[in-house]
Amino acid sequence: MLKLLRERSFPIRELVPFASARSVGRELEDGLTVQGLSDESIEGFDLALFSAGGSTSGEWAPRFADAGAVVIDNSSRWRMNDDVPLVVSEVNPGALDGHHGIIANPNCSTMQMVVVLKPLHDEAQIERLVVSTYQAVSGTGKRAVDELLDQTHALLHERDIEQPDAYAHQIAFNALPHAGSFAPGDDHTDEERKLMNETRKILGDPAIRISATCVRVPVINGHSEAVNVQTREPLSPERARELLERAPGVTVRDDPGAALYPLAIDASGEDEVFVGRIRRDPGHERSLDLWIVADNLRKGAATNAVQLAELLHERGLLRPDGRRARSGLTAVASKPA
Ligand SMILES: NC(=O)c1ccc[n+]([C@@H]2O[C@H](COP(=O)([O-])OP(=O)(O)OC[C@H]3O[C@@H](n4cnc5c(N)ncnc54)[C@H](OP(=O)(O)O)[C@@H]3O)[C@@H](O)[C@H]2O)c1
């Protein structure tokens with residue numbers, strides 16, 4: 001988030017990084033010093049970007065909002081709350097209007113999918129989706145990236161791997177049908193539930209039927225998704241390609257004969273969502289198949305959070321209650337570099 005705020009020249013007068021008590025006083029690369037959260041330290045901000053997990057958001061997002069800031073929260077804590085808009089900048093920016101101080105940033109696999117689905121839904125109304133994801137380990141965090149690299153190195157040198165820690169099983173040279181976690185009694189992971197529920201909320205259509213299998217694969221960064229889209233109205237692959245070629249935030253890469261289609265290694269580091277393999281599902285006359293890829297840390301998380309901050313700023317939607325004491329921007333709990 002700090003990198004994106006810099007890259008996109010977000011207008012900041014004062015930026016304060018917050019993290020847990022463990023990190024207070026730590027100096028970041030750009031001369032910023034990590035602060036702790038307290039009633040006094042959170043006063044006077046216009047904007048607070050949160051990426052500190054659900055329980056910290058549950059406690060501190062309302063406190064920041066009460067102190068006059070607008071919170072953009074990356075955790076899943078507020079996403080399905082009726083009073084909290086769940087917003088993707090290219091898809092439902094209008095949902096920011098009338099916010100109550102907390103705005104939720106969607107789950108990464110949902111985010112990239114709805115950017116592509118929105119123009120198709122507007123044209124032909126989506127009836128049903130069947131989604132299989134191929135999710136990178138960076139979505140789990142640095143520990144999982146290290147684990148994939150350590151396991152790969154060990155196995156290539158014919159050594160035993162250590163007991164897996166980030167996942168239930170070895171991730172190197174494997175595919176785990178277990179992205180997220182299983183709540184007791186649920187036969188879907190929380191990641192799969194988020195994909196289903198958040199997609200309906202963002203597209204504003206509770207009737208869309210969705211089947212999802214979220215798979216963790218040994219890719220460092222960049223989520224890929226195979227998406228089968230069944231529409232209520234007819235939609236040809238040619239018309240879908242035309243719509244996607246002019247959709248904001250979308251790049252079409254679709255010449256399979258020339259081995260051109262979206263790849264995680266190409267999408268990593270980019271802010272766009274890439275789509276290709278656009279084709280008719282031979283099993284259904286109103287269904288298309290798509291391959292959607294994006295950088296889960298950028299458009300899937302930080303890029304969208306900063307785009308939402310830009311929209312709030314441009315549209316004068318900051319300071320909902322006008323109680324700002326000083327200008328500034330708070331990156332709450334951005335991981336110290
Ligand atoms: N699409 C998305 O929006 C998206 C994508 C990825 C992740 N997420 C969500 O974002 C959240 C964070 O993920 P991450 O990978 O950024 O985690 P992370 O790398 O572990 O960073 C978490 C940060 O939160 C801070 N923190 C933890 N407890 C805190 C507390 N009580 N008070 C203040 N700061 C606290 C940590 O501080 P220390 O450095 O001091 O430990 C750290 O800086 C998770 O909820 C995750 O699900 C969302």
# chains A, B, ... in the order shown; residues from 1 in each chain; ligands from 1
$ select_by_dssp --residues "stretch 43-235 of chain A" --states "strand (DSSP E or B)" --output "count of residues only"
42
$ residues_around --residues "A:Ile171" --least-positions-apart "5" --cutoff "8 Å" --atoms "only C-alpha atoms" --output "PyMOL selection string"
chain A and resi 148+151+176+216-218
$ residues_around --residues "A:Gln307" --least-positions-apart "6" --cutoff "10 Å" --atoms "only C-alpha atoms" --output "list in words"
Leu4, Leu5, Arg8, Phe10, Val88, Ser89, Glu90, Pro93, Lys299 and His313 of chain A
$ select_by_dssp --residues "stretch 176-248 of chain A" --states "alpha helix (DSSP H)" --output "PyMOL selection string"
chain A and resi 190-203+237-245
$ residues_around --residues "A:Ile210" --least-positions-apart "2" --cutoff "8 Å" --atoms "only C-alpha atoms" --output "ChimeraX atom specification"
/A:128-131,196,208,212
$ residues_near_ligand --ligand "ligand 1" --cutoff "6 Å" --atoms "only C-alpha atoms and all ligand atoms" --output "ChimeraX atom specification"
/A:19-20,22-23,51-54,56,74-75,105-108,139,141,300-301,333-336
$ closest_residue --among "A:Asn221, A:Asn92, A:Gln163, A:Thr152" --to "A:Asn296" --atoms "only C-alpha atoms"
A:Asn221
$ residues_around --residues "A:Val84" --least-positions-apart "5" --cutoff "10 Å" --atoms "only C-alpha atoms" --output "VMD selection string"
chain A and resid 78 to 79 95 to 96 98 to 104
$ write_last_selection --atoms "all heavy atoms" --output "PDB file, in the first residue's frame"
ATOM      1  N   TRP A  78     -15.759  -6.728   7.810  1.00  0.00           N
ATOM      2  CA  TRP A  78     -16.948  -5.892   7.572  1.00  0.00           C
ATOM      3  C   TRP A  78     -17.603  -6.118   6.218  1.00  0.00           C
ATOM      4  O   TRP A  78     -18.590  -5.469   5.886  1.00  0.00           O
ATOM      5  CB  TRP A  78     -16.544  -4.396   7.675  1.00  0.00           C
ATOM      6  CG  TRP A  78     -15.992  -4.034   9.019  1.00  0.00           C
ATOM      7  CD1 TRP A  78     -14.679  -3.923   9.356  1.00  0.00           C
ATOM      8  CD2 TRP A  78     -16.735  -3.774  10.212  1.00  0.00           C
ATOM      9  NE1 TRP A  78     -14.548  -3.608  10.681  1.00  0.00           N
ATOM     10  CE2 TRP A  78     -15.808  -3.514  11.226  1.00  0.00           C
ATOM     11  CE3 TRP A  78     -18.107  -3.749  10.515  1.00  0.00           C
ATOM     12  CZ2 TRP A  78     -16.185  -3.218  12.533  1.00  0.00           C
ATOM     13  CZ3 TRP A  78     -18.494  -3.459  11.812  1.00  0.00           C
ATOM     14  CH2 TRP A  78     -17.531  -3.200  12.799  1.00  0.00           C
ATOM     15  N   ARG A  79     -17.012  -7.040   5.409  1.00  0.00           N
ATOM     16  CA  ARG A  79     -17.420  -7.096   3.997  1.00  0.00           C
ATOM     17  C   ARG A  79     -18.904  -7.384   3.775  1.00  0.00           C
ATOM     18  O   ARG A  79     -19.509  -6.852   2.856  1.00  0.00           O
ATOM     19  CB  ARG A  79     -16.593  -8.160   3.255  1.00  0.00           C
ATOM     20  CG  ARG A  79     -15.159  -7.739   3.033  1.00  0.00           C
ATOM     21  CD  ARG A  79     -14.414  -8.827   2.271  1.00  0.00           C
ATOM     22  NE  ARG A  79     -12.982  -8.573   2.258  1.00  0.00           N
ATOM     23  CZ  ARG A  79     -12.066  -9.512   2.183  1.00  0.00           C
ATOM     24  NH1 ARG A  79     -12.428 -10.793   2.109  1.00  0.00           N
ATOM     25  NH2 ARG A  79     -10.791  -9.213   2.169  1.00  0.00           N
ATOM     26  N   ALA A  95     -21.317   2.660  -4.995  1.00  0.00           N
ATOM     27  CA  ALA A  95     -21.634   2.158  -3.648  1.00  0.00           C
ATOM     28  C   ALA A  95     -20.910   2.950  -2.559  1.00  0.00           C
ATOM     29  O   ALA A  95     -21.254   2.856  -1.374  1.00  0.00           O
ATOM     30  CB  ALA A  95     -21.275   0.677  -3.551  1.00  0.00           C
ATOM     31  N   LEU A  96     -19.906   3.763  -2.966  1.00  0.00           N
ATOM     32  CA  LEU A  96     -19.194   4.578  -1.964  1.00  0.00           C
ATOM     33  C   LEU A  96     -20.089   5.702  -1.425  1.00  0.00           C
ATOM     34  O   LEU A  96     -19.910   6.149  -0.286  1.00  0.00           O
ATOM     35  CB  LEU A  96     -17.934   5.204  -2.576  1.00  0.00           C
ATOM     36  CG  LEU A  96     -16.794   4.260  -2.946  1.00  0.00           C
ATOM     37  CD1 LEU A  96     -15.724   5.006  -3.733  1.00  0.00           C
ATOM     38  CD2 LEU A  96     -16.190   3.625  -1.699  1.00  0.00           C
ATOM     39  N   GLY A  98     -22.760   7.710   0.352  1.00  0.00           N
ATOM     40  CA  GLY A  98     -23.555   7.421   1.545  1.00  0.00           C
ATOM     41  C   GLY A  98     -22.914   6.403   2.470  1.00  0.00           C
ATOM     42  O   GLY A  98     -23.605   5.746   3.257  1.00  0.00           O
ATOM     43  N   HIS A  99     -21.603   6.233   2.374  1.00  0.00           N
ATOM     44  CA  HIS A  99     -20.936   5.295   3.299  1.00  0.00           C
ATOM     45  C   HIS A  99     -21.023   5.821   4.734  1.00  0.00           C
ATOM     46  O   HIS A  99     -21.291   7.007   4.961  1.00  0.00           O
ATOM     47  CB  HIS A  99     -19.476   5.093   2.885  1.00  0.00           C
ATOM     48  CG  HIS A  99     -18.622   6.315   3.084  1.00  0.00           C
ATOM     49  ND1 HIS A  99     -18.141   6.686   4.313  1.00  0.00           N
ATOM     50  CD2 HIS A  99     -18.174   7.262   2.214  1.00  0.00           C
ATOM     51  CE1 HIS A  99     -17.439   7.791   4.188  1.00  0.00           C
ATOM     52  NE2 HIS A  99     -17.452   8.171   2.930  1.00  0.00           N
ATOM     53  N   HIS A 100     -20.806   4.906   5.690  1.00  0.00           N
ATOM     54  CA  HIS A 100     -20.896   5.307   7.096  1.00  0.00           C
ATOM     55  C   HIS A 100     -19.537   5.309   7.785  1.00  0.00           C
ATOM     56  O   HIS A 100     -19.457   5.088   8.997  1.00  0.00           O
ATOM     57  CB  HIS A 100     -21.860   4.378   7.846  1.00  0.00           C
ATOM     58  CG  HIS A 100     -23.234   4.361   7.251  1.00  0.00           C
ATOM     59  ND1 HIS A 100     -24.063   5.450   7.270  1.00  0.00           N
ATOM     60  CD2 HIS A 100     -23.903   3.397   6.585  1.00  0.00           C
ATOM     61  CE1 HIS A 100     -25.197   5.164   6.651  1.00  0.00           C
ATOM     62  NE2 HIS A 100     -25.123   3.913   6.217  1.00  0.00           N
ATOM     63  N   GLY A 101     -18.480   5.508   7.005  1.00  0.00           N
ATOM     64  CA  GLY A 101     -17.157   5.633   7.623  1.00  0.00           C
ATOM     65  C   GLY A 101     -16.280   4.412   7.453  1.00  0.00           C
ATOM     66  O   GLY A 101     -15.074   4.483   7.629  1.00  0.00           O
ATOM     67  N   ILE A 102     -16.893   3.248   7.118  1.00  0.00           N
ATOM     68  CA  ILE A 102     -16.075   2.049   6.873  1.00  0.00           C
ATOM     69  C   ILE A 102     -16.430   1.519   5.489  1.00  0.00           C
ATOM     70  O   ILE A 102     -17.610   1.377   5.152  1.00  0.00           O
ATOM     71  CB  ILE A 102     -16.318   0.944   7.925  1.00  0.00           C
ATOM     72  CG1 ILE A 102     -16.008   1.461   9.338  1.00  0.00           C
ATOM     73  CG2 ILE A 102     -15.466  -0.292   7.621  1.00  0.00           C
ATOM     74  CD1 ILE A 102     -16.303   0.454  10.446  1.00  0.00           C
ATOM     75  N   ILE A 103     -15.380   1.255   4.697  1.00  0.00           N
ATOM     76  CA  ILE A 103     -15.553   0.690   3.354  1.00  0.00           C
ATOM     77  C   ILE A 103     -14.719  -0.582   3.288  1.00  0.00           C
ATOM     78  O   ILE A 103     -13.574  -0.604   3.761  1.00  0.00           O
ATOM     79  CB  ILE A 103     -15.097   1.707   2.289  1.00  0.00           C
ATOM     80  CG1 ILE A 103     -16.128   2.858   2.249  1.00  0.00           C
ATOM     81  CG2 ILE A 103     -14.971   1.071   0.914  1.00  0.00           C
ATOM     82  CD1 ILE A 103     -15.559   4.165   1.915  1.00  0.00           C
ATOM     83  N   ALA A 104     -15.285  -1.636   2.723  1.00  0.00           N
ATOM     84  CA  ALA A 104     -14.562  -2.908   2.682  1.00  0.00           C
ATOM     85  C   ALA A 104     -13.952  -3.142   1.313  1.00  0.00           C
ATOM     86  O   ALA A 104     -14.576  -2.864   0.279  1.00  0.00           O
ATOM     87  CB  ALA A 104     -15.505  -4.049   3.043  1.00  0.00           C
TER      88      ALA A 104
END
